[in-house]
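Reproduced below: my_file19.cif, with mmCIF, C-alpha atoms and all ligand atoms.
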data_data
loop_
_atom_site.label_atom_id
_atom_site.label_comp_id
_atom_site.auth_asym_id
_atom_site.auth_seq_id
_atom_site.Cartn_x
_atom_site.Cartn_y
_atom_site.Cartn_z
CA MET A 1 4.88 6.89 -19.19
CA LEU A 2 3.79 6.09 -15.70
CA HIS A 3 6.50 5.07 -13.25
CA VAL A 4 5.60 2.97 -10.22
CA LEU A 5 8.08 2.35 -7.43
CA VAL A 6 7.40 -0.10 -4.61
CA LEU A 7 8.70 1.66 -1.51
CA GLY A 8 7.53 -0.96 0.97
CA SER A 9 6.19 -4.43 0.21
CA ALA A 10 5.50 -5.71 3.73
CA ALA A 11 2.33 -5.37 5.78
CA GLY A 12 2.12 -3.62 9.14
CA GLY A 13 5.17 -4.41 11.25
CA GLY A 14 7.48 -4.96 8.27
CA LEU A 15 9.96 -7.80 7.91
CA PRO A 16 11.41 -8.35 10.43
CA GLN A 17 8.87 -6.93 12.87
CA TRP A 18 10.34 -5.40 16.02
CA ASN A 19 8.86 -7.92 18.47
CA CYS A 20 8.70 -11.00 16.26
CA ASN A 21 10.99 -13.99 16.33
CA CYS A 22 9.03 -16.14 13.89
CA ASP A 23 11.00 -18.17 11.32
CA LEU A 24 10.75 -15.51 8.64
CA CYS A 25 11.63 -12.58 10.90
CA ARG A 26 14.60 -14.52 12.22
CA ARG A 27 15.74 -15.42 8.71
CA ALA A 28 15.33 -11.78 7.62
CA ARG A 29 17.66 -10.70 10.44
CA ASP A 30 20.26 -13.27 9.42
CA LYS A 31 22.58 -11.48 6.98
CA ASN A 32 23.82 -14.83 5.70
CA ASP A 33 20.33 -15.98 4.72
CA THR A 34 19.84 -14.38 1.33
CA ALA A 35 16.51 -16.10 0.66
CA VAL A 36 14.55 -13.86 3.07
CA THR A 37 15.10 -10.18 2.37
CA PRO A 38 14.00 -7.49 4.86
CA ARG A 39 11.06 -5.37 3.76
CA THR A 40 9.60 -2.07 4.85
CA GLN A 41 5.91 -1.30 5.31
CA SER A 42 3.26 -0.83 2.68
CA SER A 43 3.67 2.04 0.23
CA LEU A 44 4.09 2.79 -3.49
CA ALA A 45 5.23 5.94 -5.26
CA ILE A 46 4.14 7.08 -8.72
CA SER A 47 5.47 9.65 -11.18
CA LYS A 48 5.07 10.76 -14.77
CA GLY A 49 8.82 11.28 -14.93
CA ASN A 50 8.69 15.03 -14.33
CA GLY A 51 10.66 14.86 -11.09
CA GLU A 52 7.52 14.97 -8.92
CA TRP A 53 6.25 11.92 -7.05
CA PHE A 54 3.01 10.99 -5.30
CA LEU A 55 3.07 8.46 -2.49
CA LEU A 56 0.31 5.89 -2.31
CA ASN A 57 0.16 5.56 1.47
CA ALA A 58 2.78 6.88 3.89
CA SER A 59 4.31 4.13 5.97
CA PRO A 60 6.11 4.45 9.31
CA ASP A 61 9.26 3.47 7.35
CA LEU A 62 9.03 6.47 5.03
CA ARG A 63 12.29 8.01 6.25
CA LYS A 64 14.20 4.86 5.28
CA GLN A 65 12.27 4.59 2.03
CA ILE A 66 13.28 8.12 1.06
CA ASN A 67 16.89 7.43 1.98
CA ASP A 68 16.83 4.23 -0.09
CA ASN A 69 15.37 5.87 -3.21
CA PRO A 70 17.29 8.85 -4.69
CA GLU A 71 14.30 10.01 -6.75
CA LEU A 72 12.49 10.93 -3.52
CA GLN A 73 15.36 12.90 -2.03
CA SER A 74 15.82 16.62 -1.67
CA SER A 75 18.08 17.80 -4.48
CA SER A 76 17.74 21.51 -5.23
CA GLY A 77 18.04 24.76 -3.29
CA ARG A 78 18.12 24.51 0.49
CA ARG A 79 14.70 22.99 1.07
CA HIS A 80 13.03 20.88 -1.59
CA SER A 81 11.20 17.58 -1.88
CA PRO A 82 10.10 15.70 -4.99
CA ILE A 83 7.08 14.47 -2.98
CA THR A 84 4.14 16.49 -4.25
CA GLY A 85 1.33 14.52 -2.67
CA VAL A 86 0.22 11.53 -0.64
CA LEU A 87 -2.87 9.44 -1.41
CA LEU A 88 -4.23 7.30 1.41
CA THR A 89 -6.27 4.11 1.01
CA ASN A 90 -7.21 3.72 4.67
CA ALA A 91 -6.30 5.02 8.12
CA ASP A 92 -4.27 2.01 9.26
CA VAL A 93 -1.10 2.88 11.14
CA ASP A 94 1.06 1.32 8.43
CA HIS A 95 -0.48 3.71 5.88
CA ILE A 96 -0.69 7.03 7.72
CA ALA A 97 2.10 7.14 10.31
CA GLY A 98 4.62 8.20 7.65
CA LEU A 99 2.83 11.53 7.35
CA LEU A 100 4.57 12.47 10.58
CA ASN A 101 7.91 12.12 8.77
CA LEU A 102 6.74 14.79 6.36
CA ARG A 103 6.47 17.52 8.98
CA GLU A 104 8.39 20.80 8.45
CA SER A 105 7.10 23.59 6.28
CA GLN A 106 7.07 21.77 2.99
CA PRO A 107 4.11 22.09 0.63
CA PHE A 108 2.32 18.93 -0.50
CA VAL A 109 -1.24 17.61 -0.78
CA VAL A 110 -2.86 14.78 1.18
CA TYR A 111 -5.72 13.04 -0.60
CA ALA A 112 -8.07 10.74 1.33
CA THR A 113 -11.75 9.97 1.73
CA SER A 114 -13.72 12.08 4.16
CA ARG A 115 -13.70 9.15 6.64
CA VAL A 116 -9.92 8.94 6.59
CA HIS A 117 -9.55 12.73 6.73
CA SER A 118 -11.77 12.77 9.79
CA VAL A 119 -9.37 10.34 11.50
CA LEU A 120 -6.43 12.63 10.72
CA ALA A 121 -8.41 15.64 11.92
CA ALA A 122 -9.30 13.90 15.18
CA ASN A 123 -5.66 13.11 15.95
CA SER A 124 -4.02 16.43 16.70
CA VAL A 125 -0.51 15.01 16.25
CA PHE A 126 -1.15 15.36 12.51
CA ASN A 127 -1.30 19.12 13.02
CA VAL A 128 2.48 18.91 12.62
CA LEU A 129 1.52 19.06 8.96
CA ASN A 130 1.23 22.82 8.94
CA PRO A 131 -2.05 23.71 7.16
CA GLN A 132 -0.29 26.72 5.66
CA PHE A 133 1.77 24.33 3.55
CA VAL A 134 -0.10 21.02 3.52
CA GLU A 135 -3.42 20.92 1.76
CA ARG A 136 -5.92 18.18 2.66
CA LYS A 137 -8.08 17.27 -0.33
CA GLU A 138 -10.90 14.79 -0.40
CA PHE A 139 -11.47 12.08 -2.91
CA SER A 140 -15.00 10.83 -3.25
CA LEU A 141 -15.91 7.35 -4.37
CA GLY A 142 -16.54 7.27 -8.11
CA VAL A 143 -15.31 10.83 -8.75
CA PRO A 144 -12.02 10.79 -10.71
CA ILE A 145 -9.36 13.31 -9.72
CA GLU A 146 -6.57 14.74 -11.85
CA LEU A 147 -3.26 15.01 -10.06
CA THR A 148 -1.56 18.36 -10.47
CA ASP A 149 2.03 19.46 -10.13
CA ARG A 150 3.28 22.07 -7.68
CA ARG A 151 2.18 24.86 -9.97
CA GLY A 152 -1.31 23.42 -10.21
CA ASN A 153 -1.01 22.08 -13.76
CA PRO A 154 -2.38 18.60 -14.54
CA ILE A 155 0.49 16.10 -14.76
CA GLY A 156 -1.42 13.52 -16.78
CA ILE A 157 -2.44 11.10 -14.05
CA THR A 158 -6.08 10.44 -13.19
CA VAL A 159 -7.04 8.58 -10.03
CA ASP A 160 -10.35 6.80 -9.51
CA THR A 161 -11.25 5.77 -5.99
CA PHE A 162 -13.48 2.80 -5.25
CA ALA A 163 -14.54 1.09 -2.06
CA VAL A 164 -13.40 -2.48 -1.43
CA PRO A 165 -14.51 -4.89 1.28
CA GLY A 166 -12.50 -4.18 4.39
CA LYS A 167 -12.51 -3.00 7.93
CA VAL A 168 -12.09 0.23 9.83
CA ALA A 169 -8.60 0.77 11.32
CA LEU A 170 -7.80 -1.44 14.31
CA TYR A 171 -7.72 1.44 16.80
CA LEU A 172 -11.18 2.62 15.67
CA GLU A 173 -12.99 -0.71 15.91
CA ASP A 174 -16.36 -0.63 17.66
CA PRO A 175 -16.72 -4.12 19.19
CA ASN A 176 -20.50 -3.81 19.31
CA ALA A 177 -21.14 -2.68 15.75
CA LYS A 178 -21.52 -4.71 12.57
CA ASN A 179 -18.10 -5.27 10.97
CA PHE A 180 -16.67 -3.17 13.84
CA GLY A 181 -18.41 -0.04 12.60
CA SER A 182 -16.72 -0.06 9.19
CA ALA A 183 -18.04 2.14 6.39
CA PRO A 184 -17.36 1.89 2.62
CA GLU A 185 -14.98 4.87 2.70
CA ASP A 186 -12.76 3.22 5.32
CA THR A 187 -10.99 0.98 2.80
CA VAL A 188 -10.57 2.10 -0.77
CA ALA A 189 -8.57 1.01 -3.78
CA LEU A 190 -7.11 3.29 -6.42
CA LYS A 191 -7.16 3.02 -10.19
CA VAL A 192 -4.26 5.11 -11.47
CA THR A 193 -4.39 6.03 -15.17
CA ASP A 194 -1.83 7.66 -17.43
CA THR A 195 -4.16 10.07 -19.19
CA SER A 196 -1.99 10.30 -22.30
CA THR A 197 -1.79 6.56 -23.00
CA GLY A 198 -4.81 5.19 -21.14
CA GLU A 199 -2.55 2.63 -19.45
CA TYR A 200 -3.52 2.04 -15.84
CA PHE A 201 -3.00 -0.03 -12.75
CA CYS A 202 -5.11 -0.81 -9.71
CA TYR A 203 -3.71 -0.60 -6.20
CA VAL A 204 -5.58 -2.73 -3.66
CA PRO A 205 -3.37 -3.14 -0.58
CA GLY A 206 -6.20 -4.25 1.69
CA CYS A 207 -9.18 -6.35 0.63
CA ALA A 208 -11.41 -8.70 2.61
CA SER A 209 -13.21 -10.49 -0.25
CA MET A 210 -13.76 -10.50 -3.99
CA PRO A 211 -17.39 -9.64 -4.78
CA ALA A 212 -18.48 -9.67 -8.43
CA ASP A 213 -18.30 -5.89 -8.86
CA LEU A 214 -14.69 -5.81 -7.71
CA ALA A 215 -13.81 -8.74 -9.99
CA ASP A 216 -15.41 -6.86 -12.90
CA ARG A 217 -13.39 -3.78 -12.13
CA LEU A 218 -10.10 -5.68 -12.04
CA ARG A 219 -10.84 -7.86 -15.08
CA GLY A 220 -8.42 -7.29 -17.96
CA ALA A 221 -6.32 -4.72 -16.05
CA PRO A 222 -2.75 -4.26 -17.33
CA LEU A 223 -1.40 -4.35 -13.75
CA VAL A 224 -2.76 -4.93 -10.25
CA PHE A 225 -0.97 -4.57 -6.92
CA PHE A 226 -3.03 -6.63 -4.46
CA ASP A 227 -3.30 -7.47 -0.77
CA GLY A 228 -0.82 -10.29 -0.06
CA THR A 229 -1.15 -10.29 3.73
CA VAL A 230 -1.52 -13.97 4.58
CA TRP A 231 -1.11 -17.32 2.85
CA VAL A 232 -3.76 -19.09 4.96
CA ASP A 233 -6.48 -17.51 7.07
CA ASP A 234 -5.23 -18.88 10.42
CA GLU A 235 -1.57 -18.15 9.77
CA MET A 236 -1.04 -16.01 12.87
CA LYS A 237 -2.24 -18.93 14.97
CA SER A 238 -0.30 -21.63 13.15
CA THR A 239 2.94 -19.63 13.31
CA GLY A 240 2.37 -18.92 17.00
CA THR A 241 2.46 -15.17 16.44
CA GLY A 242 -1.11 -14.18 17.26
CA VAL A 243 -4.74 -15.19 17.42
CA LYS A 244 -6.38 -13.10 14.72
CA THR A 245 -7.31 -14.61 11.39
CA GLY A 246 -6.74 -12.84 8.10
CA SER A 247 -10.49 -12.36 7.69
CA ARG A 248 -10.76 -10.85 11.18
CA MET A 249 -8.16 -8.32 10.09
CA GLY A 250 -9.98 -7.57 6.83
CA HIS A 251 -7.66 -9.50 4.52
CA MET A 252 -8.24 -12.30 2.04
CA HIS A 253 -5.74 -15.16 2.07
CA LEU A 254 -3.74 -16.14 -0.98
CA SER A 255 -4.17 -19.91 -1.08
CA GLY A 256 -7.05 -22.33 -1.47
CA GLU A 257 -10.31 -22.43 -3.38
CA ASP A 258 -11.60 -19.30 -1.68
CA GLY A 259 -8.27 -17.50 -1.84
CA THR A 260 -6.95 -14.58 -3.89
CA ILE A 261 -5.01 -16.64 -6.42
CA ALA A 262 -8.16 -18.61 -7.26
CA ALA A 263 -10.26 -15.43 -7.35
CA PHE A 264 -7.95 -13.95 -10.01
CA ALA A 265 -7.69 -17.11 -12.10
CA ASP A 266 -10.21 -15.97 -14.74
CA LEU A 267 -9.72 -12.21 -14.49
CA ASP A 268 -7.15 -11.94 -17.29
CA VAL A 269 -5.03 -9.41 -15.38
CA LYS A 270 -1.78 -9.00 -17.34
CA ARG A 271 0.57 -8.44 -14.43
CA LYS A 272 -0.26 -9.31 -10.80
CA ILE A 273 1.95 -8.29 -7.91
CA PHE A 274 1.39 -9.00 -4.22
CA VAL A 275 2.16 -6.21 -1.77
CA HIS A 276 1.28 -5.64 1.92
CA ILE A 277 2.71 -9.09 2.73
CA ASN A 278 2.73 -10.04 6.40
CA ASN A 279 5.96 -11.29 7.95
CA THR A 280 4.30 -14.66 8.64
CA ASN A 281 3.52 -15.33 4.96
CA PRO A 282 5.75 -18.14 3.63
CA VAL A 283 5.82 -16.60 0.14
CA LEU A 284 8.38 -14.17 1.56
CA ALA A 285 11.03 -16.90 1.48
CA ASP A 286 12.52 -17.17 -2.02
CA ASP A 287 13.12 -20.88 -1.41
CA SER A 288 9.61 -21.80 -0.19
CA ARG A 289 7.18 -24.06 -2.05
CA GLU A 290 4.51 -21.39 -1.55
CA ARG A 291 6.70 -18.92 -3.48
CA ALA A 292 7.10 -21.44 -6.28
CA PHE A 293 3.33 -21.94 -6.28
CA VAL A 294 2.43 -18.24 -6.58
CA GLU A 295 4.96 -17.72 -9.35
CA GLU A 296 3.63 -20.76 -11.17
CA ALA A 297 0.18 -19.15 -10.88
CA GLY A 298 1.49 -16.03 -12.63
CA TRP A 299 1.95 -13.78 -9.62
CA GLU A 300 4.97 -11.74 -8.60
CA ILE A 301 5.99 -11.00 -5.05
CA GLY A 302 6.59 -7.26 -4.74
CA PHE A 303 9.87 -6.19 -3.18
CA ASP A 304 11.24 -2.93 -1.86
CA GLY A 305 12.76 -0.97 -4.71
CA MET A 306 10.76 -2.81 -7.41
CA ARG A 307 10.13 -0.57 -10.41
CA VAL A 308 7.41 -0.93 -13.01
CA THR A 309 6.85 1.34 -15.99
CA LEU A 310 3.52 1.44 -17.81
C1 LIG B 401 -3.92 -4.30 8.68
O1 LIG B 401 -3.52 -4.17 7.51
O2 LIG B 401 -4.71 -5.18 9.00
C2 LIG B 401 -3.46 -3.31 9.70
O3 LIG B 401 -2.43 -2.54 9.19
C3 LIG B 401 -3.11 -4.01 10.96
C4 LIG B 401 -2.51 -3.06 11.96
O4 LIG B 401 -3.02 -1.95 12.14
O5 LIG B 401 -1.51 -3.43 12.57
MN MN B 402 -1.87 -2.99 7.07
ZN ZN B 403 7.59 -12.53 12.23
#
Once more with this new file: its structure as structure tokens, please.
Ligand code: MLT
Ligand code: MN
Ligand code: ZN
Amino acid sequence: MLHVLVLGSAAGGGLPQWNCNCDLCRRARDKNDTAVTPRTQSSLAISKGNGEWFLLNASPDLRKQINDNPELQSSSGRRHSPITGVLLTNADVDHIAGLLNLRESQPFVVYATSRVHSVLAANSVFNVLNPQFVERKEFSLGVPIELTDRRGNPIGITVDTFAVPGKVALYLEDPNAKNFGSAPEDTVALKVTDTSTGEYFCYVPGCASMPADLADRLRGAPLVFFDGTVWVDDEMKSTGTGVKTGSRMGHMHLSGEDGTIAAFADLDVKRKIFVHINNTNPVLADDSRERAFVEEAGWEIGFDGMRVTL
């Protein structure tokens, strides 16, 4: 069995975001408003049930996420962590900053593409991950990797990495280059397979469009966690929170003929869950018509602490 735990279901900034007073952030702060629940930033954790967990992205809220989820907490000897590894899908702040919470001399493995590893290598603050204890391993597009436990034995999870349309991290954008200098290895998705049962899920927390090859890859999947950043492309503008569109940030929008819900309509994905949801997205309110619409369309809105077993 493959256990999946949603540690953080919000996009960068979380819900509420520190400097945001939009309707949803305000409602999330209001303890009496139970229809908008606070959310931490984008991350999942996976396990085969052997007491070891791999994080899919490490969010700046990782400390809270560990404290909220007993299975990730230290529980034997004086120093111990069930976190055996971290797999990164891009170098965005909301996906890598949590690595800094994992400092101290604790062994684990960080998997990322060579592009993302080069970002970590270029930022010396990540040297707090002592190379004596923290191994940095590369995943290459199209080359499956077998996750191993602390003793180096395969745990029965295979991960395939594939590029998806996206954008280089905000702080690395080159304003003069095509698509800000983005390369295929900047934004990847993961297909995580239980090798004993063949059951799998795809994790796509950031995606700018749905080309035919991506649609083919997702078609018929038992479970997909997908980019739920914005409801409409100009949402930051219409909510008065910013000027960037979803597409400028490398994210599809959920609604409309060219949106994610429409793009999945014929893909026959058994279970579809939105994650990486921005605090401006009206689906975050349990009582919104947009929430009713996505659920009617067969989607679930991921939430912190959500558990799925495959
Ligand atoms: C994104 O998903 O677009 C980024 O996380 C935005 C950011 O870096 O704040
Ligand atoms: Mn993000
Ligand atoms: Zn907000």
Quick one: which chain A residues come within 12 Å of ligand MN 402 (chain B), and what is the nearest atom pair for each with the distance in Å to one decimal, counting only C-alpha atoms and all ligand atoms, rows ordered by chain and ascending number, as CSV?
residue,atom,partner,partner_atom,distance
A:Gly8,CA,B:MN402,MN,11.4
A:Ser9,CA,B:MN402,MN,10.7
A:Ala10,CA,B:MN402,MN,8.5
A:Ala11,CA,B:MN402,MN,5.0
A:Gly12,CA,B:MN402,MN,4.5
A:Gly13,CA,B:MN402,MN,8.3
A:Gly14,CA,B:MN402,MN,9.6
A:Thr40,CA,B:MN402,MN,11.7
A:Gln41,CA,B:MN402,MN,8.2
A:Ser42,CA,B:MN402,MN,7.1
A:Ser43,CA,B:MN402,MN,10.1
A:Asn57,CA,B:MN402,MN,10.4
A:Ala58,CA,B:MN402,MN,11.4
A:Ser59,CA,B:MN402,MN,9.5
A:Pro60,CA,B:MN402,MN,11.1
A:Leu88,CA,B:MN402,MN,12.0
A:Thr89,CA,B:MN402,MN,10.3
A:Asn90,CA,B:MN402,MN,8.9
A:Ala91,CA,B:MN402,MN,9.2
A:Asp92,CA,B:MN402,MN,6.0
A:Val93,CA,B:MN402,MN,7.2
A:Asp94,CA,B:MN402,MN,5.4
A:His95,CA,B:MN402,MN,6.9
A:Ile96,CA,B:MN402,MN,10.1
A:Ala97,CA,B:MN402,MN,11.4
A:Gly166,CA,B:MN402,MN,11.0
A:Lys167,CA,B:MN402,MN,10.7
A:Val168,CA,B:MN402,MN,11.1
A:Ala169,CA,B:MN402,MN,8.8
A:Leu170,CA,B:MN402,MN,9.5
A:Thr187,CA,B:MN402,MN,10.8
A:Val204,CA,B:MN402,MN,11.4
A:Pro205,CA,B:MN402,MN,7.8
A:Gly206,CA,B:MN402,MN,7.0
A:Cys207,CA,B:MN402,MN,10.3
A:Ala208,CA,B:MN402,MN,12.0
A:Asp227,CA,B:MN402,MN,9.1
A:Gly228,CA,B:MN402,MN,10.3
A:Thr229,CA,B:MN402,MN,8.1
A:Val230,CA,B:MN402,MN,11.3
A:Gly246,CA,B:MN402,MN,11.0
A:Met249,CA,B:MN402,MN,8.8
A:Gly250,CA,B:MN402,MN,9.3
A:His251,CA,B:MN402,MN,9.1
A:Val275,CA,B:MN402,MN,10.2
A:His276,CA,B:MN402,MN,6.6
A:Ile277,CA,B:MN402,MN,8.8
A:Asn278,CA,B:MN402,MN,8.4
A:Asn279,CA,B:MN402,MN,11.4
With C-alpha atoms retained, could you export that selection as a CSV table (one decimal), keeping the file's coordinate frame?
chain,number,residue,atom,x,y,z
A,8,GLY,CA,7.5,-1.0,1.0
A,9,SER,CA,6.2,-4.4,0.2
A,10,ALA,CA,5.5,-5.7,3.7
A,11,ALA,CA,2.3,-5.4,5.8
A,12,GLY,CA,2.1,-3.6,9.1
A,13,GLY,CA,5.2,-4.4,11.2
A,14,GLY,CA,7.5,-5.0,8.3
A,40,THR,CA,9.6,-2.1,4.8
A,41,GLN,CA,5.9,-1.3,5.3
A,42,SER,CA,3.3,-0.8,2.7
A,43,SER,CA,3.7,2.0,0.2
A,57,ASN,CA,0.2,5.6,1.5
A,58,ALA,CA,2.8,6.9,3.9
A,59,SER,CA,4.3,4.1,6.0
A,60,PRO,CA,6.1,4.4,9.3
A,88,LEU,CA,-4.2,7.3,1.4
A,89,THR,CA,-6.3,4.1,1.0
A,90,ASN,CA,-7.2,3.7,4.7
A,91,ALA,CA,-6.3,5.0,8.1
A,92,ASP,CA,-4.3,2.0,9.3
A,93,VAL,CA,-1.1,2.9,11.1
A,94,ASP,CA,1.1,1.3,8.4
A,95,HIS,CA,-0.5,3.7,5.9
A,96,ILE,CA,-0.7,7.0,7.7
A,97,ALA,CA,2.1,7.1,10.3
A,166,GLY,CA,-12.5,-4.2,4.4
A,167,LYS,CA,-12.5,-3.0,7.9
A,168,VAL,CA,-12.1,0.2,9.8
A,169,ALA,CA,-8.6,0.8,11.3
A,170,LEU,CA,-7.8,-1.4,14.3
A,187,THR,CA,-11.0,1.0,2.8
A,204,VAL,CA,-5.6,-2.7,-3.7
A,205,PRO,CA,-3.4,-3.1,-0.6
A,206,GLY,CA,-6.2,-4.2,1.7
A,207,CYS,CA,-9.2,-6.4,0.6
A,208,ALA,CA,-11.4,-8.7,2.6
A,227,ASP,CA,-3.3,-7.5,-0.8
A,228,GLY,CA,-0.8,-10.3,-0.1
A,229,THR,CA,-1.2,-10.3,3.7
A,230,VAL,CA,-1.5,-14.0,4.6
A,246,GLY,CA,-6.7,-12.8,8.1
A,249,MET,CA,-8.2,-8.3,10.1
A,250,GLY,CA,-10.0,-7.6,6.8
A,251,HIS,CA,-7.7,-9.5,4.5
A,275,VAL,CA,2.2,-6.2,-1.8
A,276,HIS,CA,1.3,-5.6,1.9
A,277,ILE,CA,2.7,-9.1,2.7
A,278,ASN,CA,2.7,-10.0,6.4
A,279,ASN,CA,6.0,-11.3,8.0
Show me a table, sorted first by chain and then by increasing residue number, of the residues of chain A having an atom at most 6 Å from ligand ZN 403 (chain B), each with its shortest atom pair and the distance in Å to one decimal, counting all atoms listed in the file and written as a tab-separated table.
residue	atom	partner	partner_atom	distance
A:Pro16	CA	B:ZN403	ZN	5.9
A:Gln17	CA	B:ZN403	ZN	5.8
A:Cys20	CA	B:ZN403	ZN	4.5
A:Asn21	CA	B:ZN403	ZN	5.5
A:Cys22	CA	B:ZN403	ZN	4.2
A:Leu24	CA	B:ZN403	ZN	5.6
A:Cys25	CA	B:ZN403	ZN	4.3
A:Asn279	CA	B:ZN403	ZN	4.7
A:Thr280	CA	B:ZN403	ZN	5.3
Requested write-out: C-alpha atoms of the selected residues, as a PDB file, keeping the file's coordinate frame:
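Output file out-v5.pdb is given in full below:
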ATOM      1  CA  PRO A  16      11.410  -8.350  10.430  1.00  0.00           C
ATOM      2  CA  GLN A  17       8.870  -6.930  12.870  1.00  0.00           C
ATOM      3  CA  CYS A  20       8.700 -11.000  16.260  1.00  0.00           C
ATOM      4  CA  ASN A  21      10.990 -13.990  16.330  1.00  0.00           C
ATOM      5  CA  CYS A  22       9.030 -16.140  13.890  1.00  0.00           C
ATOM      6  CA  LEU A  24      10.750 -15.510   8.640  1.00  0.00           C
ATOM      7  CA  CYS A  25      11.630 -12.580  10.900  1.00  0.00           C
ATOM      8  CA  ASN A 279       5.960 -11.290   7.950  1.00  0.00           C
ATOM      9  CA  THR A 280       4.300 -14.660   8.640  1.00  0.00           C
TER      10      THR A 280
END
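Closest approach to Leu62 of chain A among A:Leu102, A:Met252, A:Leu15, A:Met306 is made by A:Leu102 (distances from all atoms listed in the file).
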Query raised in the report: From the set A:Pro38, A:Pro282, A:Gly98, A:Gly51, which residue has the shortest atom-to-atom contact distance to Ser81 of chain A, counting all atoms listed in the file?
Result: A:Gly51
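Atom to atom, atom CA of Ser209 of chain A and atom CA of Leu5 of chain A stand 25.9 Å apart.
Interatomic distance, atom CA of Trp18 of chain A to atom CA of Leu284 of chain A: 17.0 Å.
By chain and then residue number, the residues within 8 Å of Val224 of chain A are Phe201, Cys202, Tyr203, Val204, Leu218, Ala221, Val269, Arg271, Lys272 and Ile273 of chain A, counting only C-alpha atoms and disregarding those fewer than 3 positions away in sequence.
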Report summary line: Pairwise distance, atom CA of Phe126 of chain A with atom CA of Val86 of chain A, equals 13.8 Å
Using the incomplete input, complete segment 151-156 of chain A to the level of all heavy atoms; output as an mmCIF file, in the frame of the given file.
data_model
loop_
_atom_site.group_PDB
_atom_site.id
_atom_site.type_symbol
_atom_site.label_atom_id
_atom_site.label_comp_id
_atom_site.auth_asym_id
_atom_site.auth_seq_id
_atom_site.Cartn_x
_atom_site.Cartn_y
_atom_site.Cartn_z
ATOM 1 N N ARG A 151 2.726 23.600 -9.459
ATOM 2 C CA ARG A 151 2.180 24.860 -9.970
ATOM 3 C C ARG A 151 0.687 24.758 -10.262
ATOM 4 O O ARG A 151 0.072 25.705 -10.742
ATOM 5 C CB ARG A 151 2.955 25.307 -11.215
ATOM 6 C CG ARG A 151 4.350 25.832 -10.903
ATOM 7 C CD ARG A 151 5.174 26.073 -12.152
ATOM 8 N NE ARG A 151 5.313 24.839 -12.944
ATOM 9 C CZ ARG A 151 6.129 23.840 -12.616
ATOM 10 N NH1 ARG A 151 6.889 23.923 -11.545
ATOM 11 N NH2 ARG A 151 6.196 22.757 -13.361
ATOM 12 N N GLY A 152 0.127 23.581 -10.003
ATOM 13 C CA GLY A 152 -1.310 23.420 -10.210
ATOM 14 C C GLY A 152 -1.700 22.944 -11.597
ATOM 15 O O GLY A 152 -2.884 22.883 -11.943
ATOM 16 N N ASN A 153 -0.699 22.568 -12.408
ATOM 17 C CA ASN A 153 -1.010 22.080 -13.760
ATOM 18 C C ASN A 153 -1.192 20.560 -13.736
ATOM 19 O O ASN A 153 -0.428 19.851 -13.072
ATOM 20 C CB ASN A 153 0.142 22.415 -14.721
ATOM 21 C CG ASN A 153 0.389 23.905 -14.781
ATOM 22 O OD1 ASN A 153 -0.548 24.686 -14.889
ATOM 23 N ND2 ASN A 153 1.649 24.307 -14.676
ATOM 24 N N PRO A 154 -2.175 20.059 -14.486
ATOM 25 C CA PRO A 154 -2.380 18.600 -14.540
ATOM 26 C C PRO A 154 -1.111 17.903 -15.019
ATOM 27 O O PRO A 154 -0.478 18.364 -15.968
ATOM 28 C CB PRO A 154 -3.509 18.425 -15.560
ATOM 29 C CG PRO A 154 -4.176 19.760 -15.653
ATOM 30 C CD PRO A 154 -3.136 20.789 -15.322
ATOM 31 N N ILE A 155 -0.733 16.794 -14.340
ATOM 32 C CA ILE A 155 0.490 16.100 -14.760
ATOM 33 C C ILE A 155 0.193 14.920 -15.674
ATOM 34 O O ILE A 155 1.101 14.270 -16.159
ATOM 35 C CB ILE A 155 1.311 15.595 -13.548
ATOM 36 C CG1 ILE A 155 0.481 14.674 -12.652
ATOM 37 C CG2 ILE A 155 1.885 16.742 -12.759
ATOM 38 C CD1 ILE A 155 1.325 13.932 -11.640
ATOM 39 N N GLY A 156 -1.085 14.629 -15.885
ATOM 40 C CA GLY A 156 -1.420 13.520 -16.780
ATOM 41 C C GLY A 156 -1.650 12.216 -16.050
ATOM 42 O O GLY A 156 -1.463 11.139 -16.609
#
